[in-house]
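Shown here: upload-v8.csv, CSV, N, CA and C atoms.
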chain,number,residue,atom,x,y,z
W,1,MET,N,232.7,-5.9,-118.8
W,1,MET,CA,232.9,-4.6,-118.2
W,1,MET,C,234.0,-4.7,-117.1
W,2,ASN,N,234.9,-3.8,-117.1
W,2,ASN,CA,236.0,-3.8,-116.2
W,2,ASN,C,235.5,-3.5,-114.8
W,3,GLY,N,236.3,-3.9,-113.8
W,3,GLY,CA,236.0,-3.6,-112.4
W,3,GLY,C,235.9,-2.1,-112.1
W,4,HIS,N,236.7,-1.3,-112.7
W,4,HIS,CA,236.7,0.1,-112.4
W,4,HIS,C,235.4,0.8,-112.9
W,5,LYS,N,234.8,0.3,-114.0
W,5,LYS,CA,233.6,0.8,-114.5
W,5,LYS,C,232.4,0.5,-113.5
W,6,PHE,N,232.4,-0.8,-113.0
W,6,PHE,CA,231.4,-1.2,-112.0
W,6,PHE,C,231.5,-0.3,-110.8
W,7,LEU,N,232.8,-0.1,-110.3
W,7,LEU,CA,232.9,0.8,-109.2
W,7,LEU,C,232.5,2.2,-109.4
W,8,LYS,N,232.8,2.7,-110.5
W,8,LYS,CA,232.5,4.1,-110.8
W,8,LYS,C,230.9,4.3,-110.9
W,9,VAL,N,230.3,3.4,-111.6
W,9,VAL,CA,228.8,3.5,-111.8
W,9,VAL,C,228.1,3.3,-110.5
W,10,THR,N,228.5,2.2,-109.8
W,10,THR,CA,227.8,1.9,-108.5
W,10,THR,C,228.2,2.9,-107.5
W,11,GLY,N,229.4,3.5,-107.5
W,11,GLY,CA,229.7,4.5,-106.6
W,11,GLY,C,228.9,5.8,-106.8
W,12,ILE,N,228.6,6.1,-108.0
W,12,ILE,CA,227.7,7.3,-108.3
W,12,ILE,C,226.3,7.0,-107.8
W,13,LEU,N,225.8,5.8,-108.1
W,13,LEU,CA,224.5,5.4,-107.6
W,13,LEU,C,224.4,5.5,-106.1
W,14,MET,N,225.5,5.0,-105.4
W,14,MET,CA,225.5,5.1,-104.0
W,14,MET,C,225.5,6.5,-103.4
W,15,ILE,N,226.2,7.4,-104.1
W,15,ILE,CA,226.3,8.8,-103.7
W,15,ILE,C,224.9,9.4,-103.8
W,16,ILE,N,224.2,9.1,-104.9
W,16,ILE,CA,222.9,9.7,-105.1
W,16,ILE,C,221.9,9.1,-104.0
W,17,ALA,N,221.9,7.8,-103.8
W,17,ALA,CA,221.0,7.2,-102.8
W,17,ALA,C,221.4,7.7,-101.4
W,18,ALA,N,222.7,7.9,-101.1
W,18,ALA,CA,223.1,8.3,-99.8
W,18,ALA,C,222.6,9.8,-99.5
W,19,ALA,N,222.6,10.6,-100.6
W,19,ALA,CA,222.1,12.0,-100.4
W,19,ALA,C,220.6,12.0,-100.0
W,20,PHE,N,219.9,11.1,-100.7
W,20,PHE,CA,218.4,11.0,-100.4
W,20,PHE,C,218.2,10.4,-99.0
W,21,SER,N,219.0,9.4,-98.6
W,21,SER,CA,218.9,8.8,-97.3
W,21,SER,C,219.2,9.8,-96.2
W,22,ILE,N,220.3,10.5,-96.4
W,22,ILE,CA,220.7,11.5,-95.3
W,22,ILE,C,219.7,12.6,-95.2
W,23,LEU,N,219.2,13.1,-96.3
W,23,LEU,CA,218.2,14.1,-96.3
W,23,LEU,C,216.9,13.6,-95.7
W,24,ALA,N,216.5,12.4,-96.0
W,24,ALA,CA,215.3,11.8,-95.3
W,24,ALA,C,215.5,11.7,-93.8
W,25,GLY,N,216.7,11.2,-93.4
W,25,GLY,CA,217.0,11.0,-92.0
W,25,GLY,C,217.0,12.4,-91.3
W,26,VAL,N,217.5,13.4,-91.9
W,26,VAL,CA,217.5,14.7,-91.2
W,26,VAL,C,216.1,15.2,-91.1
W,27,LEU,N,215.3,15.1,-92.2
W,27,LEU,CA,213.9,15.5,-92.1
W,27,LEU,C,213.1,14.8,-91.1
W,28,VAL,N,213.2,13.4,-91.1
W,28,VAL,CA,212.5,12.6,-90.1
W,28,VAL,C,212.9,12.9,-88.7
W,29,GLY,N,214.2,13.1,-88.5
W,29,GLY,CA,214.7,13.4,-87.2
W,29,GLY,C,214.2,14.8,-86.7
W,30,GLY,N,214.2,15.7,-87.7
W,30,GLY,CA,213.7,17.1,-87.3
W,30,GLY,C,212.2,17.0,-87.0
W,31,LEU,N,211.4,16.2,-87.7
W,31,LEU,CA,210.0,16.1,-87.4
W,31,LEU,C,209.8,15.4,-86.1
W,32,GLY,N,210.6,14.4,-85.8
W,32,GLY,CA,210.5,13.7,-84.5
W,32,GLY,C,210.9,14.7,-83.4
W,33,ALA,N,211.9,15.5,-83.5
W,33,ALA,CA,212.2,16.5,-82.5
W,33,ALA,C,211.1,17.5,-82.3
W,34,LEU,N,210.5,17.9,-83.4
W,34,LEU,CA,209.4,18.8,-83.4
W,34,LEU,C,208.2,18.2,-82.6
W,35,ALA,N,207.9,16.9,-83.0
W,35,ALA,CA,206.8,16.2,-82.3
W,35,ALA,C,207.1,16.0,-80.8
W,36,ALA,N,208.3,15.7,-80.5
W,36,ALA,CA,208.7,15.6,-79.1
W,36,ALA,C,208.5,16.9,-78.3
W,37,GLY,N,208.8,18.0,-79.0
W,37,GLY,CA,208.7,19.3,-78.4
W,37,GLY,C,207.3,19.7,-78.2
W,38,VAL,N,206.4,19.2,-79.0
W,38,VAL,CA,204.9,19.5,-78.8
W,38,VAL,C,204.2,18.6,-77.8
W,39,GLY,N,205.0,17.6,-77.3
W,39,GLY,CA,204.4,16.7,-76.3
W,39,GLY,C,204.1,15.3,-76.8
W,40,ALA,N,204.5,15.0,-78.0
W,40,ALA,CA,204.2,13.6,-78.5
W,40,ALA,C,205.4,12.7,-78.3
W,41,ALA,N,206.2,12.9,-77.3
W,41,ALA,CA,207.4,12.1,-77.1
W,41,ALA,C,207.0,10.7,-76.8
W,42,SER,N,205.9,10.4,-76.2
W,42,SER,CA,205.5,9.0,-75.9
W,42,SER,C,205.3,8.2,-77.1
W,43,GLY,N,205.1,8.8,-78.3
W,43,GLY,CA,204.9,8.1,-79.5
W,43,GLY,C,206.2,7.8,-80.2
W,44,LEU,N,207.3,8.3,-79.7
W,44,LEU,CA,208.6,8.0,-80.4
W,44,LEU,C,209.2,6.8,-79.7
W,45,THR,N,209.1,5.7,-80.3
W,45,THR,CA,209.5,4.5,-79.7
W,45,THR,C,211.0,4.1,-80.1
W,46,PHE,N,211.4,3.0,-79.5
W,46,PHE,CA,212.8,2.6,-79.8
W,46,PHE,C,212.9,2.3,-81.3
W,47,ALA,N,211.9,1.7,-81.9
W,47,ALA,CA,211.9,1.4,-83.3
W,47,ALA,C,212.1,2.7,-84.2
W,48,TYR,N,211.5,3.8,-83.7
W,48,TYR,CA,211.6,5.0,-84.5
W,48,TYR,C,213.1,5.5,-84.4
W,49,TRP,N,213.7,5.5,-83.2
W,49,TRP,CA,215.1,5.9,-83.1
W,49,TRP,C,216.0,5.0,-83.8
W,50,ALA,N,215.8,3.7,-83.7
W,50,ALA,CA,216.6,2.7,-84.4
W,50,ALA,C,216.6,2.9,-85.9
W,51,ALA,N,215.4,3.1,-86.5
W,51,ALA,CA,215.2,3.4,-87.9
W,51,ALA,C,215.9,4.7,-88.3
W,52,LEU,N,215.8,5.7,-87.5
W,52,LEU,CA,216.5,6.9,-87.8
W,52,LEU,C,218.0,6.8,-87.7
W,53,PHE,N,218.5,6.0,-86.8
W,53,PHE,CA,219.9,5.7,-86.7
W,53,PHE,C,220.4,5.0,-87.9
W,54,LEU,N,219.7,3.9,-88.3
W,54,LEU,CA,220.0,3.2,-89.5
W,54,LEU,C,220.0,4.0,-90.8
W,55,THR,N,219.0,4.9,-90.9
W,55,THR,CA,218.9,5.8,-92.0
W,55,THR,C,220.1,6.7,-92.1
W,56,LEU,N,220.5,7.4,-91.0
W,56,LEU,CA,221.5,8.4,-91.0
W,56,LEU,C,222.9,7.7,-91.1
W,57,VAL,N,223.2,6.7,-90.3
W,57,VAL,CA,224.5,6.1,-90.3
W,57,VAL,C,224.7,5.3,-91.6
W,58,GLY,N,223.7,4.6,-92.0
W,58,GLY,CA,223.7,3.9,-93.2
W,58,GLY,C,224.0,4.8,-94.4
W,59,GLY,N,223.3,5.9,-94.4
W,59,GLY,CA,223.5,6.9,-95.5
W,59,GLY,C,224.9,7.5,-95.5
W,60,ILE,N,225.4,7.8,-94.3
W,60,ILE,CA,226.8,8.3,-94.2
W,60,ILE,C,227.8,7.2,-94.7
W,61,CYS,N,227.6,6.0,-94.3
W,61,CYS,CA,228.5,4.9,-94.8
W,61,CYS,C,228.4,4.7,-96.3
W,62,GLN,N,227.2,4.8,-96.8
W,62,GLN,CA,227.0,4.7,-98.2
W,62,GLN,C,227.6,5.8,-99.0
W,63,MET,N,227.5,7.0,-98.4
W,63,MET,CA,228.2,8.2,-99.1
W,63,MET,C,229.7,8.0,-99.1
W,64,ILE,N,230.3,7.5,-98.0
W,64,ILE,CA,231.7,7.3,-97.9
W,64,ILE,C,232.1,6.2,-99.0
W,65,ALA,N,231.4,5.1,-99.0
W,65,ALA,CA,231.7,4.1,-99.9
W,65,ALA,C,231.6,4.5,-101.4
W,66,GLY,N,230.5,5.3,-101.7
W,66,GLY,CA,230.4,5.8,-103.0
W,66,GLY,C,231.5,6.7,-103.4
W,67,ILE,N,231.9,7.6,-102.6
W,67,ILE,CA,233.0,8.6,-102.9
W,67,ILE,C,234.3,7.8,-103.1
W,68,LYS,N,234.5,6.8,-102.1
W,68,LYS,CA,235.8,6.0,-102.3
W,68,LYS,C,235.7,5.2,-103.5
W,69,GLY,N,234.6,4.7,-103.9
W,69,GLY,CA,234.5,3.9,-105.1
W,69,GLY,C,234.8,4.7,-106.4
W,70,VAL,N,234.3,5.9,-106.4
W,70,VAL,CA,234.5,6.7,-107.6
W,70,VAL,C,236.0,7.2,-107.6
W,71,LYS,N,236.5,7.6,-106.4
W,71,LYS,CA,237.8,8.1,-106.3
W,71,LYS,C,238.9,7.0,-106.6
W,72,HIS,N,238.7,5.8,-106.1
W,72,HIS,CA,239.7,4.8,-106.2
W,72,HIS,C,239.3,3.7,-107.2
W,73,SER,N,238.4,4.0,-108.2
W,73,SER,CA,238.0,3.0,-109.1
W,73,SER,C,239.1,2.4,-110.0
W,74,LYS,N,240.1,3.1,-110.2
W,74,LYS,CA,241.2,2.6,-111.0
W,74,LYS,C,242.4,2.2,-110.2
W,75,ARG,N,242.3,2.1,-108.9
W,75,ARG,CA,243.4,1.7,-108.1
W,75,ARG,C,243.2,0.4,-107.5
W,76,SER,N,243.8,-0.6,-108.1
W,76,SER,CA,243.5,-2.0,-107.6
W,76,SER,C,244.0,-2.3,-106.2
W,77,GLU,N,245.0,-1.5,-105.8
W,77,GLU,CA,245.5,-1.8,-104.4
W,77,GLU,C,244.5,-1.4,-103.3
W,78,LYS,N,243.5,-0.6,-103.7
W,78,LYS,CA,242.5,-0.1,-102.7
W,78,LYS,C,241.3,-1.0,-102.7
W,79,ALA,N,241.3,-2.1,-103.5
W,79,ALA,CA,240.1,-3.0,-103.7
W,79,ALA,C,239.7,-3.6,-102.4
W,80,GLY,N,240.6,-4.0,-101.5
W,80,GLY,CA,240.3,-4.7,-100.3
W,80,GLY,C,239.4,-3.8,-99.4
W,81,GLY,N,239.8,-2.5,-99.3
W,81,GLY,CA,239.1,-1.6,-98.5
W,81,GLY,C,237.7,-1.3,-99.1
W,82,LEU,N,237.6,-1.3,-100.4
W,82,LEU,CA,236.4,-1.0,-101.1
W,82,LEU,C,235.4,-2.2,-100.9
W,83,ILE,N,235.9,-3.4,-100.8
W,83,ILE,CA,235.1,-4.6,-100.6
W,83,ILE,C,234.5,-4.4,-99.2
W,84,VAL,N,235.3,-4.0,-98.2
W,84,VAL,CA,234.8,-3.8,-96.8
W,84,VAL,C,233.7,-2.8,-96.8
W,85,TRP,N,233.9,-1.6,-97.5
W,85,TRP,CA,232.9,-0.6,-97.5
W,85,TRP,C,231.6,-1.1,-98.2
W,86,GLY,N,231.7,-1.9,-99.2
W,86,GLY,CA,230.6,-2.4,-99.9
W,86,GLY,C,229.8,-3.4,-98.9
W,87,ALA,N,230.5,-4.2,-98.2
W,87,ALA,CA,229.9,-5.1,-97.2
W,87,ALA,C,229.2,-4.3,-96.1
W,88,ILE,N,229.8,-3.2,-95.6
W,88,ILE,CA,229.2,-2.4,-94.6
W,88,ILE,C,227.8,-1.8,-95.1
W,89,VAL,N,227.8,-1.3,-96.3
W,89,VAL,CA,226.6,-0.7,-96.9
W,89,VAL,C,225.6,-1.8,-97.1
W,90,ALA,N,226.0,-3.0,-97.5
W,90,ALA,CA,225.0,-4.1,-97.7
W,90,ALA,C,224.4,-4.5,-96.4
W,91,VAL,N,225.2,-4.5,-95.3
W,91,VAL,CA,224.7,-4.9,-94.0
W,91,VAL,C,223.7,-3.9,-93.5
W,92,PHE,N,224.0,-2.6,-93.7
W,92,PHE,CA,223.0,-1.5,-93.3
W,92,PHE,C,221.7,-1.6,-94.1
W,93,SER,N,221.9,-2.0,-95.4
W,93,SER,CA,220.7,-2.2,-96.2
W,93,SER,C,219.8,-3.3,-95.7
W,94,VAL,N,220.4,-4.4,-95.4
W,94,VAL,CA,219.7,-5.6,-94.9
W,94,VAL,C,219.0,-5.3,-93.6
W,95,LEU,N,219.8,-4.6,-92.7
W,95,LEU,CA,219.2,-4.2,-91.4
W,95,LEU,C,218.0,-3.3,-91.6
W,96,SER,N,218.1,-2.4,-92.5
W,96,SER,CA,217.0,-1.5,-92.8
W,96,SER,C,215.8,-2.2,-93.3
W,97,ILE,N,216.0,-3.2,-94.1
W,97,ILE,CA,214.9,-4.0,-94.7
W,97,ILE,C,214.2,-4.8,-93.5
W,98,VAL,N,215.1,-5.4,-92.7
W,98,VAL,CA,214.6,-6.2,-91.5
W,98,VAL,C,213.8,-5.3,-90.6
W,99,MET,N,214.3,-4.1,-90.3
W,99,MET,CA,213.7,-3.1,-89.4
W,99,MET,C,212.3,-2.7,-90.0
W,100,ASN,N,212.2,-2.5,-91.3
W,100,ASN,CA,211.0,-2.2,-91.9
W,100,ASN,C,210.0,-3.3,-91.7
W,101,LEU,N,210.4,-4.6,-91.9
W,101,LEU,CA,209.5,-5.7,-91.8
W,101,LEU,C,209.1,-5.9,-90.3
W,102,VAL,N,210.0,-5.7,-89.4
W,102,VAL,CA,209.6,-5.8,-88.0
W,102,VAL,C,208.6,-4.7,-87.6
W,103,ASN,N,208.7,-3.6,-88.2
W,103,ASN,CA,207.7,-2.5,-87.8
W,103,ASN,C,206.4,-2.6,-88.6
W,104,GLY,N,206.2,-3.8,-89.2
W,104,GLY,CA,204.9,-4.0,-89.9
W,104,GLY,C,204.9,-3.6,-91.3
W,105,GLY,N,206.0,-3.2,-91.9
W,105,GLY,CA,206.0,-2.9,-93.3
W,105,GLY,C,206.0,-4.1,-94.2
W,106,GLU,N,205.7,-3.9,-95.5
W,106,GLU,CA,205.6,-5.0,-96.4
W,106,GLU,C,207.0,-5.2,-97.0
W,107,PHE,N,207.2,-6.5,-97.5
W,107,PHE,CA,208.4,-6.8,-98.2
W,107,PHE,C,208.4,-6.1,-99.6
W,108,ASN,N,209.4,-5.3,-99.8
W,108,ASN,CA,209.5,-4.5,-101.0
W,108,ASN,C,210.7,-5.0,-101.9
W,109,VAL,N,210.4,-5.6,-103.0
W,109,VAL,CA,211.4,-6.1,-103.9
W,109,VAL,C,212.3,-4.9,-104.4
W,110,THR,N,211.8,-3.8,-104.6
W,110,THR,CA,212.6,-2.6,-105.1
W,110,THR,C,213.6,-2.3,-104.1
W,111,SER,N,213.3,-2.2,-102.8
W,111,SER,CA,214.3,-1.9,-101.8
W,111,SER,C,215.3,-2.9,-101.7
W,112,VAL,N,215.0,-4.2,-101.9
W,112,VAL,CA,216.0,-5.2,-101.9
W,112,VAL,C,217.0,-5.0,-103.1
W,113,LEU,N,216.4,-4.8,-104.3
W,113,LEU,CA,217.2,-4.6,-105.4
W,113,LEU,C,218.2,-3.4,-105.3
W,114,THR,N,217.6,-2.3,-104.9
W,114,THR,CA,218.5,-1.1,-104.7
W,114,THR,C,219.4,-1.1,-103.5
W,115,GLY,N,218.9,-1.7,-102.4
W,115,GLY,CA,219.6,-1.8,-101.2
W,115,GLY,C,220.7,-2.8,-101.1
W,116,VAL,N,220.5,-3.9,-101.8
W,116,VAL,CA,221.5,-5.0,-101.8
W,116,VAL,C,222.2,-5.3,-103.1
W,117,ALA,N,221.5,-5.1,-104.2
W,117,ALA,CA,222.1,-5.3,-105.5
W,117,ALA,C,223.2,-4.3,-105.8
W,118,VAL,N,223.0,-3.1,-105.5
W,118,VAL,CA,224.0,-2.1,-105.9
W,118,VAL,C,225.3,-2.3,-105.0
W,119,PRO,N,225.2,-2.5,-103.7
W,119,PRO,CA,226.4,-2.9,-103.0
W,119,PRO,C,227.1,-4.2,-103.5
W,120,ALA,N,226.2,-5.1,-103.9
W,120,ALA,CA,226.8,-6.4,-104.4
W,120,ALA,C,227.6,-6.1,-105.7
W,121,LEU,N,227.0,-5.3,-106.6
W,121,LEU,CA,227.8,-5.0,-107.8
W,121,LEU,C,229.0,-4.1,-107.5
W,122,TYR,N,228.9,-3.3,-106.5
W,122,TYR,CA,230.1,-2.5,-106.0
W,122,TYR,C,231.2,-3.5,-105.6
W,123,ILE,N,230.8,-4.5,-104.8
W,123,ILE,CA,231.8,-5.5,-104.3
W,123,ILE,C,232.3,-6.2,-105.5
W,124,TYR,N,231.5,-6.6,-106.4
W,124,TYR,CA,231.9,-7.4,-107.6
W,124,TYR,C,233.0,-6.6,-108.4
W,125,GLY,N,232.7,-5.3,-108.5
W,125,GLY,CA,233.7,-4.4,-109.2
W,125,GLY,C,235.0,-4.3,-108.5
W,126,ALA,N,234.9,-4.3,-107.2
W,126,ALA,CA,236.2,-4.2,-106.4
W,126,ALA,C,236.9,-5.5,-106.5
W,127,VAL,N,236.2,-6.7,-106.5
W,127,VAL,CA,236.9,-8.0,-106.7
W,127,VAL,C,237.5,-8.0,-108.1
W,128,LEU,N,236.8,-7.6,-109.1
W,128,LEU,CA,237.4,-7.6,-110.4
W,128,LEU,C,238.6,-6.7,-110.5
W,129,ASN,N,238.6,-5.6,-109.7
W,129,ASN,CA,239.7,-4.7,-109.7
W,129,ASN,C,240.9,-5.3,-109.0
W,130,SER,N,240.6,-6.1,-107.9
W,130,SER,CA,241.7,-6.7,-107.2
W,130,SER,C,242.4,-7.8,-108.1
W,131,LYS,N,241.6,-8.4,-108.9
W,131,LYS,CA,242.1,-9.5,-109.8
W,131,LYS,C,242.8,-8.9,-111.0
W,132,ALA,N,242.6,-7.6,-111.3
W,132,ALA,CA,243.2,-7.0,-112.5
W,132,ALA,C,244.7,-7.1,-112.4
W,133,ASP,N,245.3,-6.9,-111.2
W,133,ASP,CA,246.7,-7.0,-111.0
W,133,ASP,C,247.2,-8.4,-111.3
W,134,ASP,N,246.5,-9.4,-110.8
W,134,ASP,CA,246.9,-10.7,-111.0
W,134,ASP,C,247.0,-11.1,-112.4
W,135,THR,N,246.0,-10.7,-113.2
W,135,THR,CA,246.0,-11.1,-114.6
W,135,THR,C,247.0,-10.3,-115.4
W,136,GLN,N,247.3,-9.1,-114.9
W,136,GLN,CA,248.2,-8.2,-115.6
W,136,GLN,C,249.6,-8.8,-115.5
W,137,TYR,N,250.0,-9.3,-114.3
W,137,TYR,CA,251.3,-9.8,-114.1
W,137,TYR,C,251.5,-11.2,-114.6
W,138,THR,N,250.4,-12.0,-114.7
W,138,THR,CA,250.6,-13.4,-115.2
W,138,THR,C,250.6,-13.4,-116.7
W,139,ALA,N,250.1,-12.4,-117.4
W,139,ALA,CA,250.0,-12.4,-118.9
W,139,ALA,C,251.4,-12.2,-119.5
Starting from the file, lay out its structure as structure tokens.
Amino acid sequence: MNGHKFLKVTGILMIIAAAFSILAGVLVGGLGALAAGVGAASGLTFAYWAALFLTLVGGICQMIAGIKGVKHSKRSEKAGGLIVWGAIVAVFSVLSIVMNLVNGGEFNVTSVLTGVAVPALYIYGAVLNSKADDTQYTA
């Protein structure tokens, strides 16, 4: 499979996941604000706000990476930037998994697969794209 196909497919998966992540972050943030408004502010800990931050910012980064991946899937000169965006998304995914474990959650293989494997395949597609020029000129 060519790099541009990896980028297009994983970019679309990232856009879908990012939409869910951003929506969940907005809903959780709204519920937290509502709870704080009713007097439950003492229950909103640093871990809550950190998880909310990771969800929203990670979702936004994932949305940007997904859009860029789909948009630039056939442009090998953009591969370096796409690798960086894939790494950023992977870092946010790992931080989210660690935050979940720190807050007493269980280790979830599915979240590792979706959170780390998709950005890894995205990066792999970008690497294949960057090498496409090399093989094109040497042949």
Spatial neighbours of range 111-117 of chain W, max dist 9 Å, only C-alpha atoms, sep filter under 2 positions, as a short mmCIF file (atom, residue, chain, number, x, y, z; two decimals) with N, CA and C atoms, keeping the file's coordinate frame:
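In the end it all went to selection_20.cif:
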data_model
loop_
_atom_site.label_atom_id
_atom_site.label_comp_id
_atom_site.auth_asym_id
_atom_site.auth_seq_id
_atom_site.Cartn_x
_atom_site.Cartn_y
_atom_site.Cartn_z
N ALA W 17 221.90 7.80 -103.80
CA ALA W 17 221.00 7.20 -102.80
C ALA W 17 221.40 7.70 -101.40
N VAL W 89 227.80 -1.30 -96.30
CA VAL W 89 226.60 -0.70 -96.90
C VAL W 89 225.60 -1.80 -97.10
N ALA W 90 226.00 -3.00 -97.50
CA ALA W 90 225.00 -4.10 -97.70
C ALA W 90 224.40 -4.50 -96.40
N VAL W 91 225.20 -4.50 -95.30
CA VAL W 91 224.70 -4.90 -94.00
C VAL W 91 223.70 -3.90 -93.50
N PHE W 92 224.00 -2.60 -93.70
CA PHE W 92 223.00 -1.50 -93.30
C PHE W 92 221.70 -1.60 -94.10
N SER W 93 221.90 -2.00 -95.40
CA SER W 93 220.70 -2.20 -96.20
C SER W 93 219.80 -3.30 -95.70
N VAL W 94 220.40 -4.40 -95.40
CA VAL W 94 219.70 -5.60 -94.90
C VAL W 94 219.00 -5.30 -93.60
N SER W 96 218.10 -2.40 -92.50
CA SER W 96 217.00 -1.50 -92.80
C SER W 96 215.80 -2.20 -93.30
N ILE W 97 216.00 -3.20 -94.10
CA ILE W 97 214.90 -4.00 -94.70
C ILE W 97 214.20 -4.80 -93.50
N PHE W 107 207.20 -6.50 -97.50
CA PHE W 107 208.40 -6.80 -98.20
C PHE W 107 208.40 -6.10 -99.60
N ASN W 108 209.40 -5.30 -99.80
CA ASN W 108 209.50 -4.50 -101.00
C ASN W 108 210.70 -5.00 -101.90
N VAL W 109 210.40 -5.60 -103.00
CA VAL W 109 211.40 -6.10 -103.90
C VAL W 109 212.30 -4.90 -104.40
N PRO W 119 225.20 -2.50 -103.70
CA PRO W 119 226.40 -2.90 -103.00
C PRO W 119 227.10 -4.20 -103.50
N ALA W 120 226.20 -5.10 -103.90
CA ALA W 120 226.80 -6.40 -104.40
C ALA W 120 227.60 -6.10 -105.70
N LEU W 121 227.00 -5.30 -106.60
CA LEU W 121 227.80 -5.00 -107.80
C LEU W 121 229.00 -4.10 -107.50
N TYR W 122 228.90 -3.30 -106.50
CA TYR W 122 230.10 -2.50 -106.00
C TYR W 122 231.20 -3.50 -105.60
#
Rounded to one decimal in Å, what is the spacing between CA of Val84 in chain W and CA of Leu27 in chain W?
28.8 Å
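Using only C-alpha atoms, the smallest distance between any of W:Ala24, W:Leu31, W:Ala51, W:Ile16 and Ala65 in chain W comes from W:Ile16.
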Select, from W:Ile123, W:Ala47, W:Ile12, W:Met99, the residue with the minimum atom-to-atom distance to Ile64 in chain W, counting only C-alpha atoms.
W:Ile12
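Between CA of Leu56 in chain W and atom C of Gly81 in chain W there is a distance of 20.5 Å.
For range 73-77 of chain W, the residues within 9 Å (counting only C-alpha atoms, excluding itself and residues fewer than 5 positions away along the chain) are Gly3, His4, Lys5, Phe6, Leu7, Lys8, Gly11, Lys68, Gly125, Ala126, Val127, Leu128, Asn129, Ser130, Lys131, Ala132 and Asp133 of chain W.
In this model, the gap between atom C of Leu23 in chain W and atom C of Lys71 in chain W comes to 25.4 Å.
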Residue with smallest distance to Phe20 in chain W - pool W:Gly59, W:Thr110, W:Lys78, W:Leu95, counting only N, CA and C atoms:
W:Gly59
